[in-house]
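upload-v8.txt, holding compact mmCIF, C-alpha atoms:
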```txt
# COMPACT_ATOMS: atom_id res chain seq x y z
CA MET A 379 8.04 -5.44 -59.02
CA ASP A 380 10.59 -2.99 -60.42
CA TRP A 381 14.00 -4.71 -60.60
CA ASN A 382 15.78 -1.39 -60.19
CA VAL A 383 14.04 -0.83 -56.85
CA VAL A 384 15.08 -4.31 -55.68
CA GLN A 385 18.67 -3.61 -56.70
CA THR A 386 18.55 -0.30 -54.80
CA TRP A 387 17.33 -2.11 -51.66
CA PHE A 388 20.18 -4.61 -51.75
CA SER A 389 22.90 -2.31 -52.99
CA LYS A 390 26.19 -1.75 -51.19
CA GLU A 391 24.99 1.67 -50.06
CA PHE A 392 21.93 0.11 -48.45
CA PHE A 393 23.96 -2.48 -46.54
CA PHE A 394 26.40 0.24 -45.51
CA GLU A 395 23.54 2.38 -44.12
CA LEU A 396 22.04 -0.71 -42.46
CA GLY A 397 25.38 -1.55 -40.82
CA ILE A 398 25.83 1.99 -39.48
CA SER A 399 22.24 2.09 -38.22
CA ALA A 400 22.56 -1.31 -36.53
CA GLY A 401 25.87 -0.26 -34.97
CA ILE A 402 24.34 2.92 -33.57
CA PHE A 403 21.30 0.96 -32.35
CA PHE A 404 23.30 -1.62 -30.40
CA PHE A 405 25.74 0.99 -29.05
CA VAL A 406 22.95 3.22 -27.67
CA LEU A 407 21.06 0.17 -26.35
CA PHE A 408 24.15 -1.22 -24.61
CA PHE A 409 25.02 2.21 -23.20
CA GLY A 410 21.45 2.60 -21.95
CA TYR A 411 21.50 -0.75 -20.16
CA LEU A 412 24.78 0.10 -18.45
CA LEU A 413 23.64 3.61 -17.55
CA GLY A 414 20.29 2.32 -16.30
CA ASP A 415 22.02 -0.03 -13.88
CA ARG A 416 24.02 2.92 -12.53
CA ILE A 417 21.35 5.64 -12.48
CA VAL A 418 18.64 3.68 -10.66
CA PRO A 419 20.79 2.58 -7.67
CA LYS A 420 22.07 6.16 -7.22
CA LEU A 421 18.56 7.65 -7.42
CA SER A 422 17.35 4.98 -5.01
CA GLY A 423 20.13 5.83 -2.57
CA ILE A 424 19.43 9.58 -2.78
CA LEU A 425 15.63 9.44 -2.56
CA PHE A 426 15.16 6.49 -0.20
CA GLN A 427 18.49 6.30 1.70
CA ASN A 428 19.18 2.80 0.27
CA ARG A 429 15.97 1.41 1.77
CA ILE A 430 14.81 0.11 -1.63
CA GLN A 431 16.11 -3.35 -2.50
CA ASN A 432 16.87 -4.56 -6.03
CA SER A 433 13.77 -6.77 -5.92
CA HIS A 434 11.45 -3.88 -5.00
CA PRO A 435 8.77 -3.06 -7.64
CA LEU A 436 9.83 0.61 -7.73
CA TYR A 437 13.47 -0.31 -8.39
CA LYS A 438 12.44 -2.67 -11.20
CA ALA A 439 10.00 -0.15 -12.71
CA GLY A 440 12.62 2.63 -12.67
CA ARG A 441 15.25 0.47 -14.33
CA ARG A 442 12.71 -0.77 -16.87
CA ILE A 443 11.62 2.70 -17.99
CA ILE A 444 15.22 3.98 -18.33
CA ARG A 445 16.08 0.98 -20.49
CA LEU A 446 12.92 1.55 -22.53
CA LEU A 447 13.83 5.20 -23.14
CA PHE A 448 17.23 4.19 -24.46
CA PHE A 449 15.64 1.44 -26.56
CA LEU A 450 13.28 3.98 -28.14
CA LEU A 451 16.16 6.39 -28.71
CA ALA A 452 18.21 3.61 -30.32
CA SER A 453 15.25 2.60 -32.51
CA TYR A 454 14.68 6.20 -33.59
CA LEU A 455 18.33 6.69 -34.55
CA PHE A 456 18.29 3.33 -36.37
CA LEU A 457 15.34 4.43 -38.51
CA ARG A 458 16.73 7.92 -39.02
CA PHE A 459 20.10 6.69 -40.35
CA LEU A 460 18.42 4.28 -42.79
CA LYS A 461 17.41 7.24 -45.00
CA LEU A 462 14.05 5.79 -45.97
CA SER A 463 11.96 7.14 -48.83
CA PRO A 464 9.45 9.86 -47.89
CA ASP A 465 6.39 7.57 -48.16
CA ALA A 466 7.98 4.64 -46.34
CA GLY A 467 9.56 6.95 -43.76
CA GLU A 468 6.23 8.60 -42.94
CA PHE A 469 4.53 5.24 -42.40
CA VAL A 470 7.41 3.75 -40.40
CA PHE A 471 7.82 6.78 -38.11
CA LEU A 472 4.07 6.97 -37.48
CA THR A 473 4.06 3.28 -36.51
CA PHE A 474 7.11 3.87 -34.33
CA LYS A 475 5.41 6.82 -32.62
CA ILE A 476 2.27 4.81 -31.80
CA VAL A 477 4.27 1.83 -30.51
CA ALA A 478 6.41 4.19 -28.41
CA ILE A 479 3.32 5.81 -26.86
CA ILE A 480 1.87 2.38 -26.00
CA LEU A 481 5.10 1.12 -24.43
CA LEU A 482 5.67 4.36 -22.50
CA THR A 483 2.08 4.37 -21.25
CA PHE A 484 2.37 0.86 -19.81
CA SER A 485 5.78 1.64 -18.33
CA LEU A 486 4.55 4.87 -16.72
CA VAL A 487 1.53 3.06 -15.28
CA SER A 488 3.87 0.51 -13.70
CA LEU A 489 6.23 3.25 -12.45
CA PHE A 490 3.54 5.50 -10.97
CA SER A 491 1.83 2.53 -9.31
CA ALA A 492 5.13 1.51 -7.72
CA VAL A 493 5.84 5.13 -6.65
CA PHE A 494 2.38 5.42 -5.12
CA GLU A 495 2.69 2.15 -3.18
CA THR A 496 6.18 3.03 -1.96
CA TYR A 497 5.12 6.52 -0.88
CA SER A 498 2.10 5.15 0.99
CA GLU A 499 4.42 2.74 2.85
CA THR A 500 7.12 5.26 3.73
CA THR A 501 4.65 7.90 4.94
CA GLU A 502 3.05 5.45 7.40
CA GLY A 503 -0.48 5.89 6.17
CA LEU A 504 -0.32 9.58 5.22
CA LEU A 505 -1.60 8.40 1.87
CA SER A 506 -3.55 5.17 1.79
CA SER A 507 -2.46 2.27 -0.42
CA ALA A 508 -6.09 1.46 -1.26
CA SER A 509 -6.65 0.26 -4.83
CA ILE A 510 -9.17 3.03 -5.59
CA ILE A 511 -6.40 5.66 -5.86
CA SER A 512 -4.10 3.30 -7.74
CA ASN A 513 -6.89 2.54 -10.23
CA VAL A 514 -7.62 6.25 -10.74
CA ILE A 515 -3.92 6.79 -11.59
CA ARG A 516 -3.95 3.87 -14.06
CA ILE A 517 -7.15 4.99 -15.80
CA THR A 518 -5.86 8.57 -16.10
CA LEU A 519 -2.56 7.48 -17.68
CA PHE A 520 -4.25 5.06 -20.08
CA ALA A 521 -6.73 7.77 -21.12
CA ILE A 522 -3.87 10.19 -21.84
CA GLY A 523 -2.12 7.48 -23.87
CA VAL A 524 -5.24 6.82 -25.98
CA LEU A 525 -5.70 10.56 -26.64
CA LEU A 526 -2.06 10.89 -27.74
CA ILE A 527 -2.46 7.95 -30.15
CA LEU A 528 -5.61 9.48 -31.63
CA GLN A 529 -3.84 12.81 -32.00
CA SER A 530 -0.92 11.08 -33.76
CA LEU A 531 -3.33 9.45 -36.23
CA GLY A 532 -4.66 12.89 -37.12
CA ILE A 533 -7.97 12.42 -35.32
CA SER A 534 -9.07 15.62 -33.60
CA VAL A 535 -9.42 15.08 -29.86
CA ALA A 536 -11.52 18.21 -29.15
CA PRO A 537 -14.82 16.85 -30.61
CA ILE A 538 -14.32 13.59 -28.72
CA LEU A 539 -13.78 15.44 -25.45
CA GLY A 540 -16.84 17.58 -26.15
CA ALA A 541 -18.99 14.52 -26.87
CA LEU A 542 -17.70 12.84 -23.72
CA GLY A 543 -18.56 15.97 -21.72
CA VAL A 544 -22.15 16.03 -22.96
CA GLY A 545 -22.57 12.27 -22.75
CA GLY A 546 -20.94 12.27 -19.34
CA LEU A 547 -23.90 14.17 -17.89
CA ALA A 548 -26.31 11.48 -19.03
CA VAL A 549 -24.03 8.71 -17.84
CA ALA A 550 -23.58 10.44 -14.47
CA LEU A 551 -27.34 10.43 -13.90
CA GLY A 552 -27.53 6.74 -14.71
CA LEU A 553 -24.53 5.89 -12.57
CA GLN A 554 -25.41 8.12 -9.63
CA PRO A 555 -25.14 5.33 -6.98
CA THR A 556 -21.81 4.18 -8.43
CA LEU A 557 -20.40 7.70 -8.53
CA SER A 558 -21.67 8.27 -4.99
CA ASN A 559 -19.65 5.26 -3.84
CA LEU A 560 -16.60 6.43 -5.80
CA PHE A 561 -16.55 9.92 -4.31
CA SER A 562 -17.42 8.58 -0.86
CA GLY A 563 -14.39 6.27 -1.05
CA LEU A 564 -12.15 9.15 -2.12
CA SER A 565 -13.58 11.29 0.67
CA ILE A 566 -12.78 8.63 3.28
CA LEU A 567 -9.20 8.30 2.02
CA MET A 568 -8.50 11.99 1.55
CA GLY A 569 -9.94 12.73 5.00
CA LYS A 570 -7.54 10.13 6.44
CA GLN A 571 -10.41 8.50 8.30
CA LEU A 572 -9.56 5.03 7.12
CA LYS A 573 -6.80 3.16 5.35
CA LYS A 574 -5.89 -0.33 4.32
CA GLY A 575 -4.93 -2.48 7.32
CA ASP A 576 -6.90 -0.51 9.95
CA TYR A 577 -9.03 -2.37 12.48
CA VAL A 578 -12.55 -0.91 12.58
CA ARG A 579 -15.87 -1.54 14.30
CA LEU A 580 -19.14 -0.24 12.87
CA SER A 581 -21.32 1.52 15.44
CA GLY A 582 -24.53 -0.27 16.41
CA GLU A 583 -23.41 -3.41 14.58
CA THR A 584 -21.49 -6.53 15.50
CA LEU A 585 -19.35 -5.92 12.43
CA GLU A 586 -15.64 -5.44 12.94
CA GLY A 587 -12.36 -6.49 11.37
CA TYR A 588 -9.38 -5.40 9.29
CA VAL A 589 -9.86 -3.17 6.25
CA GLN A 590 -8.60 -5.24 3.33
CA ASP A 591 -9.18 -2.72 0.57
CA ILE A 592 -11.16 0.34 -0.47
CA THR A 593 -12.17 0.00 -4.11
CA TRP A 594 -14.10 2.41 -6.35
CA ARG A 595 -17.39 0.97 -5.05
CA THR A 596 -16.98 -0.85 -1.73
CA THR A 597 -14.90 -1.18 1.42
CA THR A 598 -13.86 -4.77 2.17
CA ILE A 599 -13.44 -5.80 5.82
CA ARG A 600 -12.01 -9.16 6.91
CA ARG A 601 -13.33 -10.60 10.16
CA PHE A 602 -11.54 -12.90 12.65
CA ASN A 603 -13.14 -16.01 11.14
CA ASN A 604 -11.79 -15.00 7.70
CA SER A 605 -15.26 -14.11 6.41
CA THR A 606 -15.54 -10.90 4.43
CA ILE A 607 -17.83 -7.93 4.97
CA ILE A 608 -18.64 -5.83 1.90
CA VAL A 609 -19.78 -2.30 2.78
CA PRO A 610 -20.72 0.26 0.08
CA ASN A 611 -18.51 3.35 0.37
CA SER A 612 -21.54 5.63 0.62
CA VAL A 613 -22.75 3.66 3.66
CA MET A 614 -19.27 3.60 5.18
CA SER A 615 -18.81 7.37 4.85
CA SER A 616 -22.17 8.12 6.47
CA SER A 617 -21.81 5.57 9.29
CA VAL A 618 -20.31 6.05 12.72
CA PHE A 619 -17.40 3.67 13.11
CA THR A 620 -14.50 3.23 15.52
CA ASN A 621 -11.01 3.09 14.04
CA PHE A 622 -8.74 1.41 16.58
CA ASP A 623 -5.61 2.39 14.64
CA LEU A 624 -6.15 6.15 14.99
CA PRO A 625 -4.39 8.22 16.14
CA SER A 626 -2.01 5.27 16.69
CA LYS A 627 -2.25 1.49 16.80
CA GLU A 628 -1.10 1.33 20.41
CA LEU A 629 -3.96 1.01 22.89
CA SER A 630 -4.51 0.15 26.56
CA ILE A 631 -5.86 -3.07 28.08
CA THR A 632 -7.67 -2.65 31.39
CA ILE A 633 -8.09 -5.60 33.76
CA GLU A 634 -9.91 -5.29 37.09
CA ALA A 635 -9.78 -7.71 40.02
CA GLY A 636 -9.91 -7.78 43.82
CA VAL A 637 -7.90 -9.33 46.67
CA ALA A 638 -8.81 -10.22 50.25
CA TYR A 639 -8.49 -7.52 52.93
CA GLN A 640 -5.71 -9.40 54.74
CA SER A 641 -3.48 -9.27 51.64
CA ASP A 642 -0.23 -7.28 51.61
CA LEU A 643 -1.19 -4.54 49.12
CA GLU A 644 2.40 -3.53 48.38
CA LYS A 645 3.21 -7.13 47.52
CA VAL A 646 0.07 -7.45 45.39
CA GLU A 647 1.03 -4.37 43.36
CA SER A 648 4.62 -5.52 42.92
CA ILE A 649 3.60 -9.00 41.75
CA ALA A 650 0.89 -7.69 39.42
CA VAL A 651 3.31 -5.30 37.66
CA GLU A 652 5.97 -8.01 37.44
CA ILE A 653 3.49 -10.48 35.93
CA ALA A 654 2.33 -7.81 33.45
CA LYS A 655 5.91 -7.30 32.20
CA GLU A 656 6.44 -11.05 31.87
CA ALA A 657 3.21 -11.41 29.88
CA LEU A 658 4.16 -8.57 27.53
CA LYS A 659 7.58 -10.10 26.87
CA GLN A 660 5.79 -13.10 25.38
CA PHE A 661 4.52 -10.85 22.57
CA TYR A 662 7.01 -7.98 22.19
CA LYS A 663 10.80 -7.88 22.31
CA SER A 664 10.65 -4.53 24.07
CA ILE A 665 7.81 -3.24 26.20
CA PRO A 666 5.82 -0.50 24.39
CA GLU A 667 6.26 3.16 25.30
CA LYS A 668 3.07 3.30 27.37
CA GLU A 669 3.92 2.22 30.89
CA ILE A 670 2.08 -0.40 32.90
CA SER A 671 -0.32 1.35 35.25
CA PHE A 672 -1.56 -0.11 38.57
CA SER A 673 -4.00 1.51 41.00
CA TYR A 674 -6.34 0.47 43.77
CA GLN A 675 -9.90 1.55 43.03
CA ARG A 676 -12.16 0.97 46.01
CA PHE A 677 -12.93 -0.96 49.17
CA GLY A 678 -15.42 -3.58 48.12
CA GLU A 679 -17.74 -5.59 50.34
CA ASN A 680 -15.22 -8.41 50.70
CA SER A 681 -12.22 -7.26 48.63
CA VAL A 682 -9.85 -4.44 47.86
CA ASP A 683 -10.40 -3.82 44.16
CA PHE A 684 -7.58 -2.84 41.81
CA ARG A 685 -7.13 -1.99 38.16
CA ILE A 686 -4.06 -2.70 36.02
CA THR A 687 -3.54 -1.28 32.54
CA LEU A 688 -1.25 -2.93 29.98
CA PRO A 689 -0.21 -1.54 26.57
CA SER A 690 -0.96 -3.37 23.32
CA LEU A 691 0.54 -2.55 19.91
CA GLU A 692 -2.32 -4.13 17.95
CA PHE A 693 -6.04 -4.29 18.65
CA THR A 694 -6.11 -8.07 18.25
CA ASP A 695 -3.13 -8.57 20.58
CA GLN A 696 -5.16 -7.51 23.59
CA PHE A 697 -7.09 -10.77 23.82
CA ALA A 698 -3.98 -12.96 23.93
CA ILE A 699 -2.21 -10.56 26.34
CA LYS A 700 -5.19 -10.51 28.70
CA HIS A 701 -5.42 -14.32 28.54
CA GLU A 702 -1.73 -14.73 29.36
CA PHE A 703 -1.83 -12.18 32.20
CA ILE A 704 -4.86 -13.76 33.90
CA LYS A 705 -3.29 -17.23 33.79
CA ARG A 706 0.01 -16.02 35.20
CA ILE A 707 -1.39 -13.82 37.97
CA HIS A 708 -3.81 -16.52 39.12
CA SER A 709 -1.00 -19.07 39.34
CA ARG A 710 1.38 -16.64 41.08
CA PHE A 711 -1.20 -15.41 43.62
CA ARG A 712 -2.01 -19.00 44.57
CA MET A 713 1.70 -19.68 45.01
CA GLU A 714 2.12 -16.57 47.21
CA GLY A 715 -1.02 -17.29 49.24
CA ILE A 716 -2.84 -14.18 47.98
CA GLU A 717 -6.58 -14.72 47.71
CA LEU A 718 -8.37 -13.33 44.69
CA ARG A 719 -11.95 -12.20 45.32
CA PHE A 720 -14.86 -11.63 42.99
CA GLN A 721 -15.90 -8.03 42.53
CA THR A 722 -19.49 -7.45 43.58
CA LYS A 723 -21.33 -4.59 41.89
CA LYS A 724 -24.41 -3.12 43.46
CA GLY A 725 -27.37 -2.37 41.29
CA ASN A 726 -28.70 1.16 41.00
```

Written as structure tokens, how would this file's structure read?
Amino acid sequence: MDWNVVQTWFSKEFFFELGISAGIFFFVLFFGYLLGDRIVPKLSGILFQNRIQNSHPLYKAGRRIIRLLFFLLASYLFLRFLKLSPDAGEFVFLTFKIVAIILLTFSLVSLFSAVFETYSETTEGLLSSASIISNVIRITLFAIGVLLILQSLGISVAPILGALGVGGLAVALGLQPTLSNLFSGLSILMGKQLKKGDYVRLSGETLEGYVQDITWRTTTIRRFNNSTIIVPNSVMSSSVFTNFDLPSKELSITIEAGVAYQSDLEKVESIAVEIAKEALKQFYKSIPEKEISFSYQRFGENSVDFRITLPSLEFTDQFAIKHEFIKRIHSRFRMEGIELRFQTKKGN
């Protein structure tokens, strides 16, 4: 090793440059951390009207990427003020560029994923939070990051893209069922036919439950008994299914019964509506917008038949609401001396 080079490395000028570079590095880094803690809350307040908490993934991702940008700026200035030799400088700055691309890629993936999830929540299902879209965003950003790294290393990207284009045709033929499921899943989501959390029932099948996720290949549905139904997206998109959450989650529960002819019909109606309100209060703090509807339907053979309709905010709530209403109205009618009668239906 050349002693003169070693002396140059550890000369007063070198330590002076190192001190200035370190000072600039820590100043920019400290300024970035302070600024990041001020920028993110203000942006959060402007864009989301202070609905984003400090613990929210979007808030954390935004603060993280601002701090990273200032860290990269501080690192760049640190290396620039060191006045490295041309050969060493070229190697160091190339390494810095690749590391910066990797860190920014991961940070952008985290940020865009958080933005996507937050947007899907605030738009109330306008854009589904299914993992298939989130995964497409991640893969796209990682692919861009890899291409930028290859470009930085001096590797031409054009031939690679051309080879991928030609090879993609062969791969597409081999993966036709997989691609069919992928595009079917995207079609379901973009058509707003289905989203995560919806309650669905497949036509002609005894299959129903909550949509847990829509991945690149399958739609996962969770049943009441916590078992899981796996449906290929291509089958789901071509099937007839009922979505109980469209156009809204609120639905109507219809209960039919009959009372004896000697009953006071005004009193029956009043009690039935009162009992319906009491039953609903067991599940909701305020009664849903849809009003309780009561109507007499027909004169039966031995009863006056009526129908009462109650609102339900969730598909699965209807069973518990109906159970509670039947218990209460049976007990109250017995107390009031009102006789319930079975409805008799004539055959055709």

For this session: Please provide as a list in words all residues within 7 Å of segment 482-491 of chain A, with the sequence filter that same-chain residues fewer than 5 positions apart are discarded (counting all atoms listed in the file).
Result: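 Final neighbour list, sorted by chain and number: Leu436, Ala439, Gly440, Ile443, Ser512, Arg516, Leu519, Phe520 and Gly523 of chain A.
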
Exercise. Got a sec to check which residues sit within 12 Å of (-8.8, 0.1, 19.4), counting all atoms listed in the file, and write them as a list in words?
Worked result: Asp576, Tyr577, Val578, Arg579, Glu586, Gly587, Tyr588, Phe619, Thr620, Asn621, Phe622, Asp623, Leu624, Pro625, Ser626, Lys627, Glu628, Leu629, Ser630, Ile631, Pro689, Ser690, Leu691, Glu692, Phe693, Thr694, Asp695, Gln696 and Phe697 of chain A

For this session: Please indicate the distance in Å from atom CA of Phe672 of chain A to atom CA of Lys645 of chain A, rounded to one decimal place.
Result: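 These two atoms are separated by 12.3 Å.
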
For this session: Return the single residue from A:Lys574, A:Arg601, A:His701, A:Arg676 that is closest to Ile633 of chain A, with distances computed using all atoms listed in the file.
Result: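 Looking at the shortest contact to Ile633 of chain A, the residue is A:His701.
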
Problem set entry | Between atom CA of Ser641 of chain A and atom CA of Ile716 of chain A - distance in Å to one decimal | 6.2 Å

Exercise. Quick one: residues within 9 Å of Ile649 of chain A, all atoms listed in the file counted, chain neighbours fewer than 6 positions away excluded, as a ChimeraX atom specification?
Worked result: /A:707,710-711

For this session: Just give me the gap between atom CA of Gly410 of chain A and atom CA of Ile480 of chain A in Å, one decimal is fine.
Result: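 One can read the atom CA of Gly410 of chain A to atom CA of Ile480 of chain A distance as 20.0 Å.
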
Env of Val406 of chain A: 7 Å cut, atoms = only C-alpha atoms, seq-sep filter 4 positions within chain, self excluded. Answer as a PDB file with C-alpha atoms, keeping the file's coordinate frame.
```
ATOM      1  CA  ILE A 402      24.340   2.920 -33.570  1.00  0.00           C
ATOM      2  CA  GLY A 410      21.450   2.600 -21.950  1.00  0.00           C
ATOM      3  CA  PHE A 448      17.230   4.190 -24.460  1.00  0.00           C
ATOM      4  CA  ALA A 452      18.210   3.610 -30.320  1.00  0.00           C
TER       5      ALA A 452
END
```

Exercise. Between A:Val514, A:Leu407, A:Ile686, A:Val470, which is the closest to Glu652 of chain A once you count all atoms listed in the file?
Worked result: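 Smallest separation from Glu652 of chain A among the options: A:Ile686.
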
For this session: List the neighbours of His708 of chain A out to 12 Å using only C-alpha atoms; skip same-chain residues closer than 4 positions along the sequence, and give me the result as a list in words.
Result: Ala635, Gly636, Val637, Val646, Ile649, Ala650, Ile653, His701, Glu702, Phe703, Ile704, Arg712, Met713, Glu714, Gly715, Ile716, Glu717, Leu718 and Arg719 of chain A

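For the residues A:Phe661, A:Gly563, A:Ile670, A:Ser581, ranking by smallest atom-to-atom distance to Ser648 of chain A using only C-alpha atoms places A:Ile670 first.
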
Problem set entry | Proximity to Ala654 of chain A - best of A:Phe684, A:Lys700, A:Leu572, A:Gln640, all atoms listed in the file | A:Lys700

For this session: Can you work out which one of A:Val493, A:Ala478, A:Ala466, A:Leu472 has the shortest atom-to-atom distance to Leu451 of chain A, counting all atoms listed in the file?
Result: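 Between A:Val493, A:Ala478, A:Ala466, A:Leu472, the residue approaching Leu451 of chain A most closely is A:Ala478.
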
Exercise. Of the residues A:Pro537, A:Ile608, A:Arg600, A:Val613, which is the one nearest to Ile566 of chain A, using all atoms listed in the file?
Worked result: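 Looking at the shortest contact to Ile566 of chain A, the residue is A:Val613.
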
For this session: Could you give me, as a list of chain:residue names, the residues within 12 Å of Leu462 of chain A, counting all atoms listed in the file and dropping anything in the same chain fewer than 2 positions from it?
Result: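 The residues satisfying every condition are A:Thr386, A:Trp387, A:Phe392, A:Glu395, A:Leu396, A:Ser399, A:Phe456, A:Leu457, A:Arg458, A:Phe459, A:Leu460, A:Pro464, A:Asp465, A:Ala466, A:Gly467, A:Glu468, A:Phe469, A:Val470, A:Phe471.
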
Using the atoms already present, construct N, CA and C atoms for segment 516-529 of chain A and hand them back as a PDB file, in the coordinates of the input.
```pdb
ATOM      1  N   ARG A 516      -4.071   4.708 -12.860  1.00  0.00           N
ATOM      2  CA  ARG A 516      -3.950   3.870 -14.060  1.00  0.00           C
ATOM      3  C   ARG A 516      -4.904   4.345 -15.164  1.00  0.00           C
ATOM      4  N   ILE A 517      -6.156   4.576 -14.800  1.00  0.00           N
ATOM      5  CA  ILE A 517      -7.150   4.990 -15.800  1.00  0.00           C
ATOM      6  C   ILE A 517      -6.766   6.332 -16.421  1.00  0.00           C
ATOM      7  N   THR A 518      -6.275   7.253 -15.591  1.00  0.00           N
ATOM      8  CA  THR A 518      -5.860   8.570 -16.100  1.00  0.00           C
ATOM      9  C   THR A 518      -4.720   8.439 -17.103  1.00  0.00           C
ATOM     10  N   LEU A 519      -3.710   7.652 -16.780  1.00  0.00           N
ATOM     11  CA  LEU A 519      -2.560   7.480 -17.680  1.00  0.00           C
ATOM     12  C   LEU A 519      -2.955   6.776 -18.965  1.00  0.00           C
ATOM     13  N   PHE A 520      -3.799   5.750 -18.873  1.00  0.00           N
ATOM     14  CA  PHE A 520      -4.250   5.060 -20.080  1.00  0.00           C
ATOM     15  C   PHE A 520      -5.089   5.987 -20.962  1.00  0.00           C
ATOM     16  N   ALA A 521      -5.917   6.824 -20.344  1.00  0.00           N
ATOM     17  CA  ALA A 521      -6.730   7.770 -21.120  1.00  0.00           C
ATOM     18  C   ALA A 521      -5.844   8.762 -21.857  1.00  0.00           C
ATOM     19  N   ILE A 522      -4.801   9.267 -21.187  1.00  0.00           N
ATOM     20  CA  ILE A 522      -3.870  10.190 -21.840  1.00  0.00           C
ATOM     21  C   ILE A 522      -3.166   9.501 -23.000  1.00  0.00           C
ATOM     22  N   GLY A 523      -2.774   8.236 -22.808  1.00  0.00           N
ATOM     23  CA  GLY A 523      -2.120   7.480 -23.870  1.00  0.00           C
ATOM     24  C   GLY A 523      -3.010   7.308 -25.089  1.00  0.00           C
ATOM     25  N   VAL A 524      -4.291   6.981 -24.864  1.00  0.00           N
ATOM     26  CA  VAL A 524      -5.240   6.820 -25.980  1.00  0.00           C
ATOM     27  C   VAL A 524      -5.424   8.145 -26.723  1.00  0.00           C
ATOM     28  N   LEU A 525      -5.535   9.245 -26.003  1.00  0.00           N
ATOM     29  CA  LEU A 525      -5.700  10.560 -26.640  1.00  0.00           C
ATOM     30  C   LEU A 525      -4.475  10.924 -27.474  1.00  0.00           C
ATOM     31  N   LEU A 526      -3.280  10.600 -26.979  1.00  0.00           N
ATOM     32  CA  LEU A 526      -2.060  10.890 -27.740  1.00  0.00           C
ATOM     33  C   LEU A 526      -1.998  10.056 -29.028  1.00  0.00           C
ATOM     34  N   ILE A 527      -2.452   8.800 -28.950  1.00  0.00           N
ATOM     35  CA  ILE A 527      -2.460   7.950 -30.150  1.00  0.00           C
ATOM     36  C   ILE A 527      -3.438   8.502 -31.186  1.00  0.00           C
ATOM     37  N   LEU A 528      -4.618   8.903 -30.718  1.00  0.00           N
ATOM     38  CA  LEU A 528      -5.610   9.480 -31.630  1.00  0.00           C
ATOM     39  C   LEU A 528      -5.080  10.760 -32.268  1.00  0.00           C
ATOM     40  N   GLN A 529      -4.417  11.575 -31.481  1.00  0.00           N
ATOM     41  CA  GLN A 529      -3.840  12.810 -32.000  1.00  0.00           C
ATOM     42  C   GLN A 529      -2.765  12.503 -33.038  1.00  0.00           C
TER      43      GLN A 529
END
```
